[in-house]
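> Got a structure for you, query.cif, holding mmCIF, C-alpha atoms and all ligand atoms.
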data_upload
loop_
_atom_site.label_atom_id
_atom_site.label_comp_id
_atom_site.auth_asym_id
_atom_site.auth_seq_id
_atom_site.Cartn_x
_atom_site.Cartn_y
_atom_site.Cartn_z
CA MET A 3 -87.21 -83.59 52.10
CA GLN A 4 -88.44 -84.22 55.61
CA PRO A 5 -86.59 -82.04 58.13
CA LEU A 6 -84.72 -83.67 60.99
CA LEU A 7 -86.59 -81.53 63.47
CA ALA A 8 -89.84 -79.57 63.27
CA VAL A 9 -90.90 -77.48 66.25
CA GLU A 10 -94.39 -76.00 66.28
CA ASN A 11 -95.95 -73.41 68.58
CA LEU A 12 -94.00 -74.21 71.74
CA ALA A 13 -95.04 -72.33 74.87
CA LYS A 14 -93.55 -72.37 78.34
CA THR A 15 -94.23 -70.14 81.33
CA PHE A 16 -92.34 -70.25 84.61
CA ARG A 17 -93.79 -69.11 87.92
CA SER A 18 -91.26 -67.73 90.32
CA GLY A 19 -92.05 -65.76 93.48
CA GLY A 20 -95.64 -65.11 92.39
CA ARG A 21 -94.50 -63.74 89.02
CA ARG A 22 -95.15 -65.35 85.67
CA VAL A 23 -92.29 -65.37 83.20
CA THR A 24 -92.95 -66.26 79.58
CA ALA A 25 -89.86 -68.19 78.54
CA LEU A 26 -91.24 -69.54 75.23
CA ASP A 27 -94.06 -67.90 73.30
CA ASP A 28 -95.30 -69.62 70.13
CA VAL A 29 -91.88 -70.86 69.00
CA SER A 30 -91.74 -72.69 65.66
CA LEU A 31 -88.72 -73.72 63.59
CA THR A 32 -87.36 -76.48 61.38
CA LEU A 33 -83.87 -77.91 61.07
CA GLY A 34 -82.47 -79.98 58.20
CA ARG A 35 -79.99 -82.85 58.41
CA GLY A 36 -76.43 -81.57 58.46
CA GLU A 37 -77.66 -78.04 59.08
CA THR A 38 -76.61 -75.60 61.81
CA LEU A 39 -79.19 -73.21 63.19
CA GLY A 40 -77.83 -70.40 65.34
CA LEU A 41 -80.10 -69.35 68.19
CA VAL A 42 -79.23 -65.81 69.19
CA GLY A 43 -80.80 -63.42 71.63
CA PRO A 44 -80.20 -61.33 74.71
CA SER A 45 -79.91 -62.89 78.15
CA GLY A 46 -83.29 -64.17 79.36
CA SER A 47 -84.80 -64.43 75.86
CA GLY A 48 -85.57 -68.15 76.23
CA LYS A 49 -82.65 -69.78 74.39
CA SER A 50 -81.71 -72.21 77.15
CA THR A 51 -85.35 -73.04 77.84
CA LEU A 52 -85.81 -73.98 74.18
CA ALA A 53 -82.63 -76.09 74.35
CA ARG A 54 -83.89 -77.83 77.49
CA VAL A 55 -87.30 -78.49 75.97
CA LEU A 56 -85.64 -80.09 72.92
CA LEU A 57 -83.63 -82.32 75.27
CA ARG A 58 -86.84 -83.13 77.16
CA LEU A 59 -85.36 -81.76 80.36
CA VAL A 60 -88.27 -79.29 80.60
CA ALA A 61 -91.83 -80.00 79.41
CA PRO A 62 -93.56 -77.27 77.39
CA GLU A 63 -97.18 -76.32 78.16
CA SER A 64 -98.18 -76.63 74.56
CA GLY A 65 -96.73 -77.21 71.13
CA ARG A 66 -95.34 -80.07 69.13
CA ILE A 67 -91.89 -81.42 68.32
CA GLU A 68 -91.33 -83.83 65.49
CA MET A 69 -87.89 -85.45 65.55
CA GLU A 70 -86.89 -87.84 62.76
CA GLY A 71 -90.57 -88.22 61.89
CA GLU A 72 -91.66 -89.11 65.42
CA ASP A 73 -93.80 -87.23 67.93
CA TRP A 74 -90.88 -86.42 70.23
CA LEU A 75 -92.94 -85.20 73.20
CA ALA A 76 -95.11 -88.34 73.18
CA LEU A 77 -92.17 -90.75 73.64
CA ARG A 78 -92.18 -92.54 76.99
CA GLY A 79 -90.30 -95.28 78.81
CA LYS A 80 -88.08 -97.56 76.76
CA ALA A 81 -88.71 -95.74 73.47
CA LEU A 82 -87.71 -92.45 75.08
CA ARG A 83 -84.56 -93.94 76.61
CA GLU A 84 -83.53 -95.33 73.23
CA ARG A 85 -84.25 -92.17 71.24
CA ARG A 86 -82.67 -89.88 73.85
CA ALA A 87 -79.28 -90.92 72.51
CA ARG A 88 -80.18 -89.20 69.22
CA VAL A 89 -80.14 -85.71 70.77
CA GLN A 90 -77.17 -84.59 72.85
CA MET A 91 -76.21 -81.34 74.55
CA VAL A 92 -72.96 -79.50 75.20
CA PHE A 93 -73.04 -76.84 77.93
CA GLN A 94 -70.96 -73.74 78.54
CA ASP A 95 -69.16 -75.13 81.56
CA PRO A 96 -68.00 -78.72 81.16
CA LEU A 97 -66.84 -78.81 84.79
CA ALA A 98 -70.45 -78.40 85.88
CA ALA A 99 -71.61 -81.06 83.41
CA PHE A 100 -69.03 -83.65 84.49
CA ASN A 101 -67.88 -85.01 87.80
CA PRO A 102 -64.55 -83.11 87.76
CA ARG A 103 -62.71 -85.93 89.52
CA ALA A 104 -63.90 -88.51 87.00
CA THR A 105 -61.38 -89.60 84.44
CA ILE A 106 -61.84 -88.66 80.81
CA ALA A 107 -62.09 -92.39 80.05
CA SER A 108 -65.03 -92.86 82.41
CA ALA A 109 -66.78 -89.69 81.19
CA LEU A 110 -66.68 -91.13 77.67
CA ALA A 111 -67.37 -94.75 78.62
CA ASP A 112 -70.55 -93.84 80.57
CA PRO A 113 -72.73 -93.00 77.56
CA LEU A 114 -71.37 -96.05 75.70
CA ARG A 115 -72.45 -98.22 78.64
CA ILE A 116 -75.77 -96.48 79.37
CA HIS A 117 -76.95 -96.52 75.78
CA GLY A 118 -75.42 -99.93 75.08
CA THR A 119 -73.42 -98.50 72.16
CA ALA A 120 -70.31 -100.56 73.04
CA GLY A 121 -69.74 -103.62 75.23
CA ARG A 122 -67.26 -103.55 78.11
CA ALA A 123 -64.37 -105.10 76.14
CA GLU A 124 -64.84 -102.70 73.26
CA ARG A 125 -65.08 -99.53 75.34
CA PRO A 126 -61.39 -98.57 75.79
CA ARG A 127 -60.88 -98.69 72.03
CA ARG A 128 -64.05 -96.63 71.43
CA VAL A 129 -62.89 -94.07 74.02
CA GLY A 130 -59.58 -93.73 72.16
CA GLU A 131 -61.41 -93.28 68.86
CA LEU A 132 -63.68 -90.61 70.34
CA LEU A 133 -60.67 -88.70 71.68
CA GLU A 134 -59.00 -88.83 68.28
CA ARG A 135 -62.17 -87.59 66.58
CA VAL A 136 -62.05 -84.42 68.67
CA GLY A 137 -58.34 -83.89 68.15
CA LEU A 138 -57.16 -85.18 71.54
CA SER A 139 -54.55 -87.82 72.24
CA PRO A 140 -55.91 -91.16 73.54
CA ASP A 141 -53.12 -90.82 76.17
CA LEU A 142 -55.41 -88.31 77.95
CA ALA A 143 -57.93 -91.07 78.79
CA PRO A 144 -56.66 -91.75 82.36
CA ARG A 145 -56.47 -88.05 83.29
CA ALA A 146 -59.07 -86.36 85.50
CA ILE A 147 -61.38 -83.80 83.86
CA HIS A 148 -60.19 -81.01 86.16
CA GLU A 149 -56.55 -81.57 85.16
CA VAL A 150 -56.95 -80.58 81.51
CA SER A 151 -57.43 -77.13 79.96
CA GLY A 152 -60.81 -75.50 79.28
CA GLY A 153 -60.49 -76.11 75.55
CA GLN A 154 -59.56 -79.77 76.08
CA ARG A 155 -62.50 -80.18 78.45
CA GLN A 156 -64.89 -78.80 75.90
CA ARG A 157 -63.44 -81.26 73.36
CA VAL A 158 -64.17 -84.06 75.84
CA ALA A 159 -67.74 -82.75 76.17
CA ILE A 160 -68.09 -82.86 72.37
CA ALA A 161 -66.63 -86.39 72.32
CA ARG A 162 -69.14 -87.46 74.94
CA ALA A 163 -71.97 -85.97 72.89
CA LEU A 164 -70.72 -87.90 69.84
CA ALA A 165 -70.47 -91.22 71.73
CA THR A 166 -74.05 -92.22 70.95
CA ASN A 167 -73.98 -91.16 67.26
CA PRO A 168 -76.57 -88.40 67.68
CA SER A 169 -78.37 -86.77 64.77
CA LEU A 170 -78.66 -83.49 66.69
CA ILE A 171 -76.32 -81.76 69.13
CA VAL A 172 -77.58 -78.69 70.98
CA LEU A 173 -74.68 -76.48 72.07
CA ASP A 174 -75.68 -73.91 74.70
CA GLU A 175 -73.05 -71.13 74.88
CA ALA A 176 -70.54 -73.96 74.40
CA VAL A 177 -67.64 -71.73 73.31
CA SER A 178 -68.59 -68.57 75.23
CA ALA A 179 -66.12 -69.12 78.08
CA LEU A 180 -63.13 -69.92 75.82
CA ASP A 181 -60.30 -67.68 74.60
CA VAL A 182 -60.72 -66.43 71.06
CA SER A 183 -58.07 -68.73 69.54
CA VAL A 184 -59.30 -71.83 71.39
CA ARG A 185 -62.86 -70.92 70.42
CA GLY A 186 -61.89 -70.68 66.74
CA ARG A 187 -60.38 -74.16 66.79
CA ILE A 188 -63.44 -75.66 68.50
CA LEU A 189 -65.70 -74.07 65.86
CA GLU A 190 -63.48 -75.59 63.14
CA LEU A 191 -63.71 -78.97 64.84
CA LEU A 192 -67.52 -78.78 64.99
CA ALA A 193 -67.71 -77.87 61.30
CA ALA A 194 -65.36 -80.75 60.38
CA ILE A 195 -67.42 -83.25 62.39
CA GLN A 196 -70.57 -82.06 60.67
CA LYS A 197 -68.96 -82.44 57.27
CA THR A 198 -67.99 -86.08 57.93
CA ASP A 199 -71.07 -87.39 59.66
CA GLY A 200 -73.90 -85.00 58.77
CA VAL A 201 -74.89 -84.19 62.36
CA SER A 202 -77.16 -81.16 62.83
CA TYR A 203 -76.44 -78.44 65.38
CA ILE A 204 -78.52 -75.94 67.26
CA PHE A 205 -75.90 -73.45 68.30
CA VAL A 206 -77.03 -71.16 71.10
CA SER A 207 -75.11 -67.94 71.64
CA HIS A 208 -75.58 -64.32 72.60
CA ASP A 209 -72.75 -63.41 70.18
CA VAL A 210 -73.55 -62.85 66.51
CA ALA A 211 -69.85 -62.92 65.55
CA VAL A 212 -69.51 -66.52 66.81
CA VAL A 213 -72.75 -67.68 65.23
CA ARG A 214 -71.69 -66.18 61.91
CA VAL A 215 -68.74 -68.60 61.73
CA ILE A 216 -70.82 -71.74 62.16
CA ALA A 217 -74.54 -71.23 61.43
CA HIS A 218 -76.21 -71.65 58.06
CA ARG A 219 -79.34 -69.94 59.38
CA VAL A 220 -80.11 -67.99 62.52
CA ALA A 221 -83.19 -67.52 64.65
CA ILE A 222 -83.25 -64.32 66.68
CA MET A 223 -85.04 -64.66 70.02
CA ASP A 224 -86.43 -61.96 72.28
CA ALA A 225 -88.78 -62.35 75.26
CA GLY A 226 -89.56 -65.96 74.40
CA ARG A 227 -90.38 -65.34 70.74
CA ILE A 228 -88.49 -65.92 67.53
CA VAL A 229 -88.62 -62.42 66.11
CA GLU A 230 -86.66 -63.14 62.94
CA MET A 231 -85.21 -66.18 61.17
CA GLY A 232 -83.22 -66.59 57.96
CA GLU A 233 -79.84 -67.03 56.27
CA THR A 234 -77.07 -65.85 58.60
CA GLU A 235 -75.37 -63.44 56.19
CA GLY A 236 -78.69 -61.90 55.13
CA ILE A 237 -79.70 -61.13 58.69
CA ILE A 238 -76.29 -59.66 59.54
CA ARG A 239 -76.35 -57.49 56.42
CA GLU A 240 -79.98 -56.41 56.80
CA PRO A 241 -81.37 -57.11 60.27
CA GLY A 242 -85.13 -56.70 60.11
CA SER A 243 -85.92 -56.51 63.82
CA ALA A 244 -84.77 -54.12 66.53
CA THR A 245 -83.41 -57.13 68.46
CA ALA A 246 -81.27 -58.29 65.54
CA ARG A 247 -80.05 -54.74 64.87
CA ALA A 248 -78.94 -54.42 68.51
CA LEU A 249 -77.16 -57.81 68.43
CA VAL A 250 -75.35 -56.94 65.19
CA ALA A 251 -74.45 -53.48 66.51
CA ALA A 252 -72.88 -55.12 69.58
CA VAL A 253 -70.18 -56.56 67.27
CA PRO A 254 -68.44 -53.47 65.82
CA ARG A 255 -66.32 -55.33 63.29
CA LEU A 256 -69.45 -56.68 61.55
CA HIS A 257 -70.27 -53.17 60.34
CA ARG A 258 -69.44 -52.49 56.75
N1 LIG A 301 -86.42 -72.87 86.16
C1 LIG A 301 -86.84 -71.60 86.02
N2 LIG A 301 -87.66 -71.03 86.93
C2 LIG A 301 -88.11 -69.76 86.77
N3 LIG A 301 -87.80 -68.98 85.72
C3 LIG A 301 -86.98 -69.50 84.78
C4 LIG A 301 -86.46 -70.81 84.88
N4 LIG A 301 -85.67 -71.05 83.79
C5 LIG A 301 -85.71 -69.92 83.08
N5 LIG A 301 -86.48 -68.98 83.65
C6 LIG A 301 -86.79 -67.64 83.12
O1 LIG A 301 -87.19 -67.79 81.78
C7 LIG A 301 -86.66 -66.75 80.97
C8 LIG A 301 -85.81 -67.35 79.86
O2 LIG A 301 -84.63 -67.91 80.46
P1 LIG A 301 -83.53 -68.68 79.60
O3 LIG A 301 -84.22 -69.67 78.74
O4 LIG A 301 -82.52 -69.19 80.55
O5 LIG A 301 -82.94 -67.50 78.70
P2 LIG A 301 -81.52 -67.38 77.94
O6 LIG A 301 -80.90 -68.74 77.86
O7 LIG A 301 -81.87 -66.80 76.60
O8 LIG A 301 -80.69 -66.42 78.74
C9 LIG A 301 -85.88 -65.84 81.91
O9 LIG A 301 -86.72 -64.79 82.30
C10 LIG A 301 -85.56 -66.75 83.08
O10 LIG A 301 -85.41 -66.00 84.27
MG MG A 302 -79.01 -69.41 78.47
#
Go ahead and express the file in the form of C-alpha cells.
Ligand SMILES: Nc1ncnc2c1ncn2[C@@H]1O[C@H](COP(=O)(O)OP(=O)(O)O)[C@@H](O)[C@H]1O
Ligand SMILES: [Mg+2]


Amino acid sequence: MQPLLAVENLAKTFRSGGRRVTALDDVSLTLGRGETLGLVGPSGSGKSTLARVLLRLVAPESGRIEMEGEDWLALRGKALRERRARVQMVFQDPLAAFNPRATIASALADPLRIHGTAGRAERPRRVGELLERVGLSPDLAPRAIHEVSGGQRQRVAIARALATNPSLIVLDEAVSALDVSVRGRILELLAAIQKTDGVSYIFVSHDVAVVRVIAHRVAIMDAGRIVEMGETEGIIREPGSATARALVAAVPRLHR
C-alpha cells in the first residue's frame, strides 16, 4: 500500500553567527495511514526542523517529500493553499500559537473560514462539534484562550488541528508541558481520534516514556540524522544505538 508520507534524503543547514549547523542530514522515513511515528532525540537533534519542513514552514536544501502521492515540496500557490489543510501542527505552548485574548470560538472558526471548510452560518455548530470531539463542553466557546487550563488549551489546539480534516498531524512536544495525569488523558484522546478517523501522527518528544504510550514506531534522531528506526517496543527493549540507549536509560522505570 502507498504510504501517506514518504520523506527521502532531506538536508537542512542553518548559518548562525558565521557557524554552520547541520539540522537535517540525509533524513528518510515513511508513514502509513493511521500510523503514529514517534520522533525522539536529544535537544538540538533536528526534530523541530523536520516538523517545520513537513509543514513547509522551512525549506530543505535537498531531498524529496511525497504526501498522498504528490510531490509536496513542488506545490505552489492555490494547490499549496488547498493541500496545506491536510497537514496540521500542534505545538508545546498553545498560548504562543494562539492570540491568548481570542475566544475559543474564533480560534476554531478561523481555520474553517480560511480553508472554506464551513460557511459562516454553519460555523458555530461546527465549533461546538469540534469541542465535543476533544472532550470539551461547547459552553467553553465564548471563553478566552488564556482563561482555560493548560490541558483545555491543548485540547483546543487539537480541535483546531482537526478543523480541516487533516490526514497528518505533527505534534511537537505537545504534551511536554502538562502534568502527568493531564498528559495521560490527552494521549488517550489522540489515540481515540486516530481510531475513529484514521489520522496519522508524527509525535515529537524528547521523552521515550511518553512516546511509548502512543507511537507504533519510533525514529531516533541525533545531530540531524535518524540513527535508528523501528517498532517502539523493540527499540526500548533492545536499543541499537548509543543515542537510543541514553534516551531509554533516562527513563528508569523502563528498565526491566
Ligand atoms: N532558525 C534557526 N537558525 C539557526 N539555527 C537553527 C534554527 N533552527 C534550528 N537551528 C539549529 O538546528 C539544530 C536543530 O534544532 P531543532 O530542530 O530545533 O532541534 P530539536 O527540536 O531536536 O531540539 C540546533 O542546533 C538548532 O540550534
Ligand atoms: Mg524542538

> Env of Ala53 in chain A: 8 Å cut, atoms = all atoms listed in the file, seq-sep filter 3 positions within chain, self excluded. Answer as a list in words.

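Result of the neighbour search: Lys49, Ser50, Leu56, Leu57, Val172 and Asp174 of chain A.
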
> May I have the residues within 10 Å of ligand MG 302 (chain A), computed using all atoms listed in the file, as a count of residues only?

20

> For CA of Thr32 in chain A and CA of Ala61 in chain A, quote the distance in Å rounded to one decimal.

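Spanning CA of Thr32 in chain A to CA of Ala61 in chain A is a straight-line distance of 18.9 Å.
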
> Between A:Arg247, A:Asn167, A:Glu149, A:Arg157, which residue has the minimum interatomic distance to Ala104 in chain A, considering only C-alpha atoms?

A:Glu149

> Let me make sure I understand: among A:Asp95, A:Glu63, A:Glu235, A:Glu72, which one has the smallest atom-to-atom distance to Gln156 in chain A if we use only C-alpha atoms?

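So, comparing all the options, the nearest one is A:Asp95.
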
> Considering only C-alpha atoms, return as a list in words whatever protein or nucleic-acid residues lie within 8 Å of Ser64 in chain A, sequence-local ones (same chain, fewer than 6 positions apart) excluded.

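Near neighbours after the sequence-gap exclusion: Asn11, Leu12, Ala13 and Lys14 of chain A.
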
> Hey, which of A:Arg239, A:Arg227, A:Arg187, A:Arg122 ends up closest to ligand LIG 301 (chain A)? Count all atoms listed in the file.

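Counting all atoms listed in the file, the residue closest to ligand LIG 301 (chain A) is A:Arg227.
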
> Counting all atoms listed in the file, which residue out of A:Ile147, A:Met223, A:Val250, A:Ala194 sits closest to ligand LIG 301 (chain A)?

A:Met223

> Find, counting only C-alpha atoms and all ligand atoms, the residue in A:Leu6, A:Ile106, A:Val60, A:Ala252 that gets nearest to ligand LIG 301 (chain A).

A:Val60

> Calculate how many Å separate CA of Phe205 in chain A from CA of Thr119 in chain A, rounding to one decimal.

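Distance reported for this atom pair: 25.5 Å.
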